[in-house]
Amino acid sequence: AAEGNAAAAGGADKSASAVTRSLFAGGLAGALSRTAVAPLERLKILYQVQHTKPPSVWSALVTIGQKEGLKGYFRGNGANCIRIFPNSALKFYAFEEAKDLIHAYQRYSGAEEKMTPALRLVAGAAAGIVAMSSTYPLDMVRGRLSVQTETGGSLYRGMGHAFVSVAREEGVRALFKGWLPSVIGVIPYAGMNFGVYETLKHEACLHYGLQTENELSTGMKLAAGTFAGCVGQTFAYPFDVARRRMQVEGWKGNTAEQTILTEAAAKSGRGGGAAAAGAAPKRQVAYMSMMDAFKRTVKEEGVAALWKGIVPNFLKVGPSIGIAFVVYEHSRDIMGVPKAAPKIS
């Protein structure tokens with residue numbers, strides 16, 4: 001009974017210190033997980049914004065290394081970490097808050113205080129919307145930094161310069177290009193990430209006869225997070241493609257699509273050989289809206305184009321989400337963040 005009271009008190013701790021440590025744990029989890037898969041993250045973005053048949057994952061990765069060296073694999077990662085730290089911090093914290101609100105409503109209405117898979121999905125979706133909307137301009141700028149190349153001449157010297165340049169040349173509203181498909185896409189993505197992860201942990205505890213989720217091994221949590229990430233990404237990926245294309249549309253920079261992937265496709269025999277390498281790249285496509293992006297992408301490139309880059313994304317998103325969940329939970333434990341450990345029933 002004393003342990004249950006302590007857990008309940010821990011879950012109710014809203015002190016500034018506890019909130020700060022919880023936010024830091026979430027931000028650290030996001031930054032470390034994204035850095036671990038940065039090469040595949042950049043390759044995914046390059047695939048998404050191109051309008052020709054993509055090269056193989058291996059060929060593209062080799063070409064990036066040959067043309068830009070080791071730092072080419074991490075281009076845009078600094079901006080991504082600056083973006084993902086507050087995004088991940090808010091997302092994990094908002095998820096915990098959403099669960100608290102659901103439990104509070106259940107207590108108020110006299111219902112059983114229990115998180116079902118559907119409620120976990122709702123809480124995760126709400127957390128994803130809050131985090132995405134709060135940090136969206138950072139994501140937009142990160143996308144621009146990721147598709148520019150060193151050999152093609154970088155238009156942006158860094159994140160600050162990119163912010164100022166986009167706002168001055170395209171207007172402040174340009175910093176929110178692709179926001180709508182991002183918010184729509186984050187509902188199944190974040191919802192399923194949290195929902196599937198939490199449900200898998202719950203079912204694993206029932207299967208192995210554990211009393212609390214804290215008794216699960218790190219390996220089991222990592223596997224649950226990896227599977228959850230793949231499920232969420234499969235459903236949300238077309239929205240991510242539309243978002244990325246809307247973010248870079250109208251940009252006159254010499255993008256990596258025109259250099260790295262074209263050369264890699266030629267080397268791997270997927271782009272029509274030397275002719276493809278020497279051909280003039282297609283002009284950047286301007287999309288009027290999210291639906292326009294979907295319609296024109298399908299019409300001009302086929303339905304499969306909505307999942308361009310899904311292979312490198314699967315290779316990175318599973319481990320990334322798994323690492324994020326594990327780092328978050330361990331960071332909270334190390335920093336002594338009080339956390340309720342619900343009984344398994």
# chains A, B, ... in the order shown; residues from 1 in each chain; ligands from 1
call {"tool": "residues_around", "arguments": {"residues": "Ala293 in chain A", "least_positions_apart": "2", "cutoff": "10 Å", "atoms": "only C-alpha atoms", "output": "ChimeraX atom specification"}}
result
/A:178,181,239,241-243,245-246,285-291,295-299,306
call {"tool": "residues_around", "arguments": {"residues": "Arg83 in chain A", "least_positions_apart": "5", "cutoff": "8 Å", "atoms": "only C-alpha atoms", "output": "number ranges by chain"}}
result
A: 135, 138-139, 142
call {"tool": "residues_around", "arguments": {"residues": "range 117-132 of chain A", "least_positions_apart": "4", "cutoff": "8 Å", "atoms": "only C-alpha atoms", "output": "list in words"}}
result
Pro86, Asn87, Ser88, Leu90, Lys91, Phe92, Tyr93, Ala94, Phe95, Ala98, Lys99, Ile102, Tyr136, Ser182, Val183, Val186, Ile187, Pro188, Tyr189, Ala190, Gly191, Met192, Asn193, Phe194, Gly195, Val196, Glu198 and Thr199 of chain A
call {"tool": "residues_around", "arguments": {"residues": "Val166 in chain A", "least_positions_apart": "2", "cutoff": "12 Å", "atoms": "only C-alpha atoms", "output": "PDB file with all heavy atoms, in the first residue's frame"}}
result
ATOM      1  N   PRO A 137       8.622  25.143 -37.565  1.00  0.00           N
ATOM      2  CA  PRO A 137       9.605  25.900 -38.355  1.00  0.00           C
ATOM      3  C   PRO A 137      11.005  25.282 -38.314  1.00  0.00           C
ATOM      4  O   PRO A 137      11.741  25.339 -39.304  1.00  0.00           O
ATOM      5  CB  PRO A 137       9.580  27.287 -37.709  1.00  0.00           C
ATOM      6  CG  PRO A 137       8.191  27.406 -37.168  1.00  0.00           C
ATOM      7  CD  PRO A 137       7.878  26.023 -36.644  1.00  0.00           C
ATOM      8  N   LEU A 138      11.373  24.678 -37.192  1.00  0.00           N
ATOM      9  CA  LEU A 138      12.677  24.027 -37.086  1.00  0.00           C
ATOM     10  C   LEU A 138      12.756  22.845 -38.046  1.00  0.00           C
ATOM     11  O   LEU A 138      13.805  22.586 -38.650  1.00  0.00           O
ATOM     12  CB  LEU A 138      12.909  23.552 -35.650  1.00  0.00           C
ATOM     13  CG  LEU A 138      13.082  24.639 -34.588  1.00  0.00           C
ATOM     14  CD1 LEU A 138      13.095  24.011 -33.196  1.00  0.00           C
ATOM     15  CD2 LEU A 138      14.356  25.431 -34.816  1.00  0.00           C
ATOM     16  N   MET A 140      11.055  22.507 -40.867  1.00  0.00           N
ATOM     17  CA  MET A 140      11.069  23.017 -42.229  1.00  0.00           C
ATOM     18  C   MET A 140      12.489  23.421 -42.633  1.00  0.00           C
ATOM     19  O   MET A 140      12.984  23.064 -43.707  1.00  0.00           O
ATOM     20  CB  MET A 140      10.119  24.224 -42.331  1.00  0.00           C
ATOM     21  CG  MET A 140       9.798  24.656 -43.750  1.00  0.00           C
ATOM     22  SD  MET A 140      11.071  25.731 -44.427  1.00  0.00           S
ATOM     23  CE  MET A 140      10.368  26.089 -46.015  1.00  0.00           C
ATOM     24  N   VAL A 141      13.176  24.149 -41.752  1.00  0.00           N
ATOM     25  CA  VAL A 141      14.544  24.584 -42.030  1.00  0.00           C
ATOM     26  C   VAL A 141      15.486  23.385 -42.096  1.00  0.00           C
ATOM     27  O   VAL A 141      16.372  23.314 -42.949  1.00  0.00           O
ATOM     28  CB  VAL A 141      15.008  25.585 -40.945  1.00  0.00           C
ATOM     29  CG1 VAL A 141      16.505  25.825 -41.046  1.00  0.00           C
ATOM     30  CG2 VAL A 141      14.254  26.897 -41.100  1.00  0.00           C
ATOM     31  N   ARG A 142      15.277  22.413 -41.210  1.00  0.00           N
ATOM     32  CA  ARG A 142      16.110  21.209 -41.252  1.00  0.00           C
ATOM     33  C   ARG A 142      15.995  20.492 -42.590  1.00  0.00           C
ATOM     34  O   ARG A 142      16.975  19.997 -43.147  1.00  0.00           O
ATOM     35  CB  ARG A 142      15.669  20.282 -40.105  1.00  0.00           C
ATOM     36  CG  ARG A 142      16.582  19.094 -39.854  1.00  0.00           C
ATOM     37  CD  ARG A 142      16.180  17.867 -40.614  1.00  0.00           C
ATOM     38  NE  ARG A 142      14.837  17.429 -40.270  1.00  0.00           N
ATOM     39  CZ  ARG A 142      14.449  16.175 -40.336  1.00  0.00           C
ATOM     40  NH1 ARG A 142      15.286  15.238 -40.710  1.00  0.00           N
ATOM     41  NH2 ARG A 142      13.208  15.841 -40.072  1.00  0.00           N
ATOM     42  N   ARG A 144      15.356  21.853 -45.511  1.00  0.00           N
ATOM     43  CA  ARG A 144      16.108  22.618 -46.503  1.00  0.00           C
ATOM     44  C   ARG A 144      17.613  22.352 -46.384  1.00  0.00           C
ATOM     45  O   ARG A 144      18.305  22.189 -47.379  1.00  0.00           O
ATOM     46  CB  ARG A 144      15.837  24.117 -46.315  1.00  0.00           C
ATOM     47  CG  ARG A 144      14.407  24.552 -46.684  1.00  0.00           C
ATOM     48  CD  ARG A 144      14.226  24.629 -48.193  1.00  0.00           C
ATOM     49  NE  ARG A 144      12.902  25.091 -48.557  1.00  0.00           N
ATOM     50  CZ  ARG A 144      12.596  26.371 -48.820  1.00  0.00           C
ATOM     51  NH1 ARG A 144      13.517  27.307 -48.715  1.00  0.00           N
ATOM     52  NH2 ARG A 144      11.368  26.697 -49.179  1.00  0.00           N
ATOM     53  N   LEU A 145      18.114  22.329 -45.156  1.00  0.00           N
ATOM     54  CA  LEU A 145      19.542  22.094 -44.953  1.00  0.00           C
ATOM     55  C   LEU A 145      19.956  20.700 -45.408  1.00  0.00           C
ATOM     56  O   LEU A 145      21.074  20.492 -45.875  1.00  0.00           O
ATOM     57  CB  LEU A 145      19.894  22.279 -43.470  1.00  0.00           C
ATOM     58  CG  LEU A 145      19.833  23.709 -42.931  1.00  0.00           C
ATOM     59  CD1 LEU A 145      20.005  23.713 -41.414  1.00  0.00           C
ATOM     60  CD2 LEU A 145      20.901  24.577 -43.582  1.00  0.00           C
ATOM     61  N   LEU A 155      23.325  27.153 -50.149  1.00  0.00           N
ATOM     62  CA  LEU A 155      22.662  28.443 -50.048  1.00  0.00           C
ATOM     63  C   LEU A 155      22.591  28.925 -48.610  1.00  0.00           C
ATOM     64  O   LEU A 155      22.606  30.118 -48.345  1.00  0.00           O
ATOM     65  CB  LEU A 155      21.246  28.350 -50.622  1.00  0.00           C
ATOM     66  CG  LEU A 155      21.118  28.139 -52.128  1.00  0.00           C
ATOM     67  CD1 LEU A 155      19.647  28.128 -52.509  1.00  0.00           C
ATOM     68  CD2 LEU A 155      21.834  29.233 -52.889  1.00  0.00           C
ATOM     69  N   TYR A 156      22.509  27.989 -47.683  1.00  0.00           N
ATOM     70  CA  TYR A 156      22.360  28.349 -46.279  1.00  0.00           C
ATOM     71  C   TYR A 156      23.626  27.990 -45.507  1.00  0.00           C
ATOM     72  O   TYR A 156      24.127  26.881 -45.591  1.00  0.00           O
ATOM     73  CB  TYR A 156      21.161  27.620 -45.666  1.00  0.00           C
ATOM     74  CG  TYR A 156      19.858  27.863 -46.397  1.00  0.00           C
ATOM     75  CD1 TYR A 156      19.056  26.795 -46.798  1.00  0.00           C
ATOM     76  CD2 TYR A 156      19.430  29.153 -46.697  1.00  0.00           C
ATOM     77  CE1 TYR A 156      17.860  27.016 -47.468  1.00  0.00           C
ATOM     78  CE2 TYR A 156      18.232  29.381 -47.370  1.00  0.00           C
ATOM     79  CZ  TYR A 156      17.456  28.311 -47.751  1.00  0.00           C
ATOM     80  OH  TYR A 156      16.279  28.532 -48.417  1.00  0.00           O
ATOM     81  N   MET A 159      21.544  27.055 -39.544  1.00  0.00           N
ATOM     82  CA  MET A 159      20.129  27.146 -39.218  1.00  0.00           C
ATOM     83  C   MET A 159      19.653  28.593 -39.105  1.00  0.00           C
ATOM     84  O   MET A 159      18.601  28.953 -39.639  1.00  0.00           O
ATOM     85  CB  MET A 159      19.842  26.401 -37.915  1.00  0.00           C
ATOM     86  CG  MET A 159      18.402  26.522 -37.452  1.00  0.00           C
ATOM     87  SD  MET A 159      17.967  25.333 -36.170  1.00  0.00           S
ATOM     88  CE  MET A 159      17.547  23.914 -37.156  1.00  0.00           C
ATOM     89  N   GLY A 160      20.432  29.447 -38.416  1.00  0.00           N
ATOM     90  CA  GLY A 160      20.033  30.839 -38.255  1.00  0.00           C
ATOM     91  C   GLY A 160      19.923  31.562 -39.591  1.00  0.00           C
ATOM     92  O   GLY A 160      18.961  32.285 -39.853  1.00  0.00           O
ATOM     93  N   HIS A 161      20.925  31.334 -40.450  1.00  0.00           N
ATOM     94  CA  HIS A 161      20.926  31.959 -41.766  1.00  0.00           C
ATOM     95  C   HIS A 161      19.761  31.458 -42.607  1.00  0.00           C
ATOM     96  O   HIS A 161      19.143  32.215 -43.369  1.00  0.00           O
ATOM     97  CB  HIS A 161      22.250  31.667 -42.479  1.00  0.00           C
ATOM     98  CG  HIS A 161      22.356  32.284 -43.838  1.00  0.00           C
ATOM     99  ND1 HIS A 161      22.418  31.539 -44.985  1.00  0.00           N
ATOM    100  CD2 HIS A 161      22.401  33.582 -44.227  1.00  0.00           C
ATOM    101  CE1 HIS A 161      22.498  32.338 -46.030  1.00  0.00           C
ATOM    102  NE2 HIS A 161      22.493  33.585 -45.597  1.00  0.00           N
ATOM    103  N   ALA A 162      19.430  30.166 -42.466  1.00  0.00           N
ATOM    104  CA  ALA A 162      18.311  29.590 -43.217  1.00  0.00           C
ATOM    105  C   ALA A 162      16.989  30.217 -42.782  1.00  0.00           C
ATOM    106  O   ALA A 162      16.147  30.553 -43.615  1.00  0.00           O
ATOM    107  CB  ALA A 162      18.268  28.076 -43.018  1.00  0.00           C
ATOM    108  N   PHE A 163      16.810  30.387 -41.478  1.00  0.00           N
ATOM    109  CA  PHE A 163      15.591  31.015 -40.962  1.00  0.00           C
ATOM    110  C   PHE A 163      15.405  32.407 -41.567  1.00  0.00           C
ATOM    111  O   PHE A 163      14.338  32.741 -42.098  1.00  0.00           O
ATOM    112  CB  PHE A 163      15.663  31.149 -39.433  1.00  0.00           C
ATOM    113  CG  PHE A 163      14.978  30.037 -38.704  1.00  0.00           C
ATOM    114  CD1 PHE A 163      15.714  29.152 -37.915  1.00  0.00           C
ATOM    115  CD2 PHE A 163      13.610  29.865 -38.788  1.00  0.00           C
ATOM    116  CE1 PHE A 163      15.085  28.122 -37.238  1.00  0.00           C
ATOM    117  CE2 PHE A 163      12.974  28.838 -38.111  1.00  0.00           C
ATOM    118  CZ  PHE A 163      13.720  27.973 -37.334  1.00  0.00           C
ATOM    119  N   VAL A 164      16.460  33.211 -41.487  1.00  0.00           N
ATOM    120  CA  VAL A 164      16.381  34.598 -41.970  1.00  0.00           C
ATOM    121  C   VAL A 164      16.154  34.628 -43.476  1.00  0.00           C
ATOM    122  O   VAL A 164      15.329  35.403 -43.975  1.00  0.00           O
ATOM    123  CB  VAL A 164      17.671  35.363 -41.613  1.00  0.00           C
ATOM    124  CG1 VAL A 164      17.659  36.759 -42.246  1.00  0.00           C
ATOM    125  CG2 VAL A 164      17.818  35.476 -40.101  1.00  0.00           C
ATOM    126  N   ARG A 168      12.851  36.121 -45.301  1.00  0.00           N
ATOM    127  CA  ARG A 168      13.044  37.320 -46.124  1.00  0.00           C
ATOM    128  C   ARG A 168      12.656  37.084 -47.578  1.00  0.00           C
ATOM    129  O   ARG A 168      12.012  37.933 -48.205  1.00  0.00           O
ATOM    130  CB  ARG A 168      14.510  37.776 -46.054  1.00  0.00           C
ATOM    131  CG  ARG A 168      14.780  39.075 -46.832  1.00  0.00           C
ATOM    132  CD  ARG A 168      16.227  39.528 -46.728  1.00  0.00           C
ATOM    133  NE  ARG A 168      17.143  38.545 -47.298  1.00  0.00           N
ATOM    134  CZ  ARG A 168      18.039  37.874 -46.573  1.00  0.00           C
ATOM    135  NH1 ARG A 168      18.109  38.060 -45.272  1.00  0.00           N
ATOM    136  NH2 ARG A 168      18.851  37.007 -47.159  1.00  0.00           N
ATOM    137  N   GLU A 169      13.037  35.950 -48.128  1.00  0.00           N
ATOM    138  CA  GLU A 169      12.829  35.696 -49.549  1.00  0.00           C
ATOM    139  C   GLU A 169      11.456  35.105 -49.874  1.00  0.00           C
ATOM    140  O   GLU A 169      10.937  35.314 -50.968  1.00  0.00           O
ATOM    141  CB  GLU A 169      13.924  34.755 -50.063  1.00  0.00           C
ATOM    142  CG  GLU A 169      15.326  35.357 -49.962  1.00  0.00           C
ATOM    143  CD  GLU A 169      16.404  34.324 -50.216  1.00  0.00           C
ATOM    144  OE1 GLU A 169      16.054  33.186 -50.641  1.00  0.00           O
ATOM    145  OE2 GLU A 169      17.589  34.632 -49.986  1.00  0.00           O
ATOM    146  N   GLU A 170      10.881  34.339 -48.936  1.00  0.00           N
ATOM    147  CA  GLU A 170       9.616  33.651 -49.217  1.00  0.00           C
ATOM    148  C   GLU A 170       8.486  34.038 -48.275  1.00  0.00           C
ATOM    149  O   GLU A 170       7.346  33.612 -48.464  1.00  0.00           O
ATOM    150  CB  GLU A 170       9.836  32.128 -49.157  1.00  0.00           C
ATOM    151  CG  GLU A 170      10.919  31.629 -50.102  1.00  0.00           C
ATOM    152  CD  GLU A 170      11.221  30.156 -49.880  1.00  0.00           C
ATOM    153  OE1 GLU A 170      10.263  29.365 -49.847  1.00  0.00           O
ATOM    154  OE2 GLU A 170      12.405  29.802 -49.732  1.00  0.00           O
ATOM    155  N   GLY A 171       8.812  34.825 -47.257  1.00  0.00           N
ATOM    156  CA  GLY A 171       7.797  35.222 -46.291  1.00  0.00           C
ATOM    157  C   GLY A 171       7.779  34.313 -45.081  1.00  0.00           C
ATOM    158  O   GLY A 171       8.188  33.146 -45.157  1.00  0.00           O
ATOM    159  N   VAL A 172       7.308  34.838 -43.950  1.00  0.00           N
ATOM    160  CA  VAL A 172       7.272  34.061 -42.715  1.00  0.00           C
ATOM    161  C   VAL A 172       6.397  32.823 -42.858  1.00  0.00           C
ATOM    162  O   VAL A 172       6.683  31.769 -42.284  1.00  0.00           O
ATOM    163  CB  VAL A 172       6.760  34.943 -41.550  1.00  0.00           C
ATOM    164  CG1 VAL A 172       6.614  34.110 -40.280  1.00  0.00           C
ATOM    165  CG2 VAL A 172       7.712  36.111 -41.311  1.00  0.00           C
ATOM    166  N   ARG A 173       5.324  32.922 -43.642  1.00  0.00           N
ATOM    167  CA  ARG A 173       4.425  31.775 -43.816  1.00  0.00           C
ATOM    168  C   ARG A 173       5.147  30.578 -44.420  1.00  0.00           C
ATOM    169  O   ARG A 173       4.720  29.430 -44.236  1.00  0.00           O
ATOM    170  CB  ARG A 173       3.241  32.159 -44.700  1.00  0.00           C
ATOM    171  CG  ARG A 173       2.265  33.128 -44.041  1.00  0.00           C
ATOM    172  CD  ARG A 173       1.078  33.410 -44.943  1.00  0.00           C
ATOM    173  NE  ARG A 173       0.333  32.193 -45.250  1.00  0.00           N
ATOM    174  CZ  ARG A 173      -0.714  32.152 -46.077  1.00  0.00           C
ATOM    175  NH1 ARG A 173      -1.123  33.277 -46.687  1.00  0.00           N
ATOM    176  NH2 ARG A 173      -1.359  31.031 -46.296  1.00  0.00           N
ATOM    177  N   ALA A 174       6.241  30.826 -45.151  1.00  0.00           N
ATOM    178  CA  ALA A 174       6.984  29.723 -45.765  1.00  0.00           C
ATOM    179  C   ALA A 174       7.577  28.790 -44.708  1.00  0.00           C
ATOM    180  O   ALA A 174       7.839  27.621 -44.986  1.00  0.00           O
ATOM    181  CB  ALA A 174       8.098  30.275 -46.655  1.00  0.00           C
ATOM    182  N   LEU A 175       7.802  29.299 -43.507  1.00  0.00           N
ATOM    183  CA  LEU A 175       8.342  28.468 -42.434  1.00  0.00           C
ATOM    184  C   LEU A 175       7.343  27.402 -41.989  1.00  0.00           C
ATOM    185  O   LEU A 175       7.698  26.481 -41.249  1.00  0.00           O
ATOM    186  CB  LEU A 175       8.735  29.339 -41.240  1.00  0.00           C
ATOM    187  CG  LEU A 175       9.920  30.282 -41.464  1.00  0.00           C
ATOM    188  CD1 LEU A 175      10.074  31.225 -40.281  1.00  0.00           C
ATOM    189  CD2 LEU A 175      11.210  29.493 -41.688  1.00  0.00           C
ATOM    190  N   PHE A 176       6.084  27.539 -42.428  1.00  0.00           N
ATOM    191  CA  PHE A 176       5.056  26.572 -42.061  1.00  0.00           C
ATOM    192  C   PHE A 176       4.548  25.791 -43.272  1.00  0.00           C
ATOM    193  O   PHE A 176       3.480  25.188 -43.216  1.00  0.00           O
ATOM    194  CB  PHE A 176       3.892  27.280 -41.357  1.00  0.00           C
ATOM    195  CG  PHE A 176       4.261  27.817 -40.008  1.00  0.00           C
ATOM    196  CD1 PHE A 176       4.799  29.089 -39.874  1.00  0.00           C
ATOM    197  CD2 PHE A 176       4.117  27.039 -38.879  1.00  0.00           C
ATOM    198  CE1 PHE A 176       5.163  29.594 -38.628  1.00  0.00           C
ATOM    199  CE2 PHE A 176       4.482  27.525 -37.624  1.00  0.00           C
ATOM    200  CZ  PHE A 176       5.002  28.805 -37.506  1.00  0.00           C
ATOM    201  N   LYS A 177       5.321  25.800 -44.369  1.00  0.00           N
ATOM    202  CA  LYS A 177       4.938  25.008 -45.533  1.00  0.00           C
ATOM    203  C   LYS A 177       4.889  23.530 -45.164  1.00  0.00           C
ATOM    204  O   LYS A 177       5.828  22.991 -44.581  1.00  0.00           O
ATOM    205  CB  LYS A 177       5.948  25.212 -46.676  1.00  0.00           C
ATOM    206  CG  LYS A 177       5.756  26.491 -47.464  1.00  0.00           C
ATOM    207  CD  LYS A 177       6.749  26.567 -48.605  1.00  0.00           C
ATOM    208  CE  LYS A 177       6.513  27.797 -49.479  1.00  0.00           C
ATOM    209  NZ  LYS A 177       7.483  27.879 -50.584  1.00  0.00           N
ATOM    210  N   GLN A 247       7.773  21.514 -48.386  1.00  0.00           N
ATOM    211  CA  GLN A 247       8.792  22.322 -47.717  1.00  0.00           C
ATOM    212  C   GLN A 247       9.848  22.832 -48.687  1.00  0.00           C
ATOM    213  O   GLN A 247      10.339  23.956 -48.541  1.00  0.00           O
ATOM    214  CB  GLN A 247       9.471  21.504 -46.614  1.00  0.00           C
ATOM    215  CG  GLN A 247       8.611  21.309 -45.375  1.00  0.00           C
ATOM    216  CD  GLN A 247       9.307  20.461 -44.334  1.00  0.00           C
ATOM    217  OE1 GLN A 247      10.270  19.752 -44.635  1.00  0.00           O
ATOM    218  NE2 GLN A 247       8.825  20.515 -43.108  1.00  0.00           N
ATOM    219  N   VAL A 248      10.228  22.023 -49.674  1.00  0.00           N
ATOM    220  CA  VAL A 248      11.297  22.422 -50.581  1.00  0.00           C
ATOM    221  C   VAL A 248      10.778  22.968 -51.898  1.00  0.00           C
ATOM    222  O   VAL A 248      11.560  23.405 -52.740  1.00  0.00           O
ATOM    223  CB  VAL A 248      12.270  21.240 -50.859  1.00  0.00           C
ATOM    224  CG1 VAL A 248      12.870  20.743 -49.569  1.00  0.00           C
ATOM    225  CG2 VAL A 248      11.563  20.121 -51.605  1.00  0.00           C
ATOM    226  N   GLY A 250       9.551  25.344 -54.734  1.00  0.00           N
ATOM    227  CA  GLY A 250       9.827  26.737 -55.008  1.00  0.00           C
ATOM    228  C   GLY A 250      11.235  27.165 -54.641  1.00  0.00           C
ATOM    229  O   GLY A 250      11.642  28.295 -54.913  1.00  0.00           O
ATOM    230  N   TRP A 251      12.013  26.252 -54.043  1.00  0.00           N
ATOM    231  CA  TRP A 251      13.371  26.585 -53.645  1.00  0.00           C
ATOM    232  C   TRP A 251      14.306  26.447 -54.841  1.00  0.00           C
ATOM    233  O   TRP A 251      14.315  25.432 -55.523  1.00  0.00           O
ATOM    234  CB  TRP A 251      13.798  25.646 -52.519  1.00  0.00           C
ATOM    235  CG  TRP A 251      15.116  25.976 -51.913  1.00  0.00           C
ATOM    236  CD1 TRP A 251      15.632  27.204 -51.647  1.00  0.00           C
ATOM    237  CD2 TRP A 251      16.097  25.037 -51.480  1.00  0.00           C
ATOM    238  NE1 TRP A 251      16.852  27.104 -51.052  1.00  0.00           N
ATOM    239  CE2 TRP A 251      17.165  25.781 -50.941  1.00  0.00           C
ATOM    240  CE3 TRP A 251      16.162  23.654 -51.474  1.00  0.00           C
ATOM    241  CZ2 TRP A 251      18.306  25.172 -50.414  1.00  0.00           C
ATOM    242  CZ3 TRP A 251      17.285  23.055 -50.944  1.00  0.00           C
ATOM    243  CH2 TRP A 251      18.348  23.813 -50.422  1.00  0.00           C
ATOM    244  N   LYS A 252      15.101  27.438 -55.094  1.00  0.00           N
ATOM    245  CA  LYS A 252      15.927  27.442 -56.300  1.00  0.00           C
ATOM    246  C   LYS A 252      17.330  26.891 -56.073  1.00  0.00           C
ATOM    247  O   LYS A 252      18.209  27.031 -56.900  1.00  0.00           O
ATOM    248  CB  LYS A 252      16.043  28.889 -56.832  1.00  0.00           C
ATOM    249  CG  LYS A 252      14.684  29.551 -57.090  1.00  0.00           C
ATOM    250  CD  LYS A 252      13.841  28.755 -58.055  1.00  0.00           C
ATOM    251  CE  LYS A 252      12.496  29.429 -58.308  1.00  0.00           C
ATOM    252  NZ  LYS A 252      11.621  28.644 -59.162  1.00  0.00           N
ATOM    253  N   GLY A 253      17.561  26.278 -54.917  1.00  0.00           N
ATOM    254  CA  GLY A 253      18.893  25.768 -54.620  1.00  0.00           C
ATOM    255  C   GLY A 253      19.269  24.572 -55.478  1.00  0.00           C
ATOM    256  O   GLY A 253      18.435  23.893 -56.050  1.00  0.00           O
TER     257      GLY A 253
END
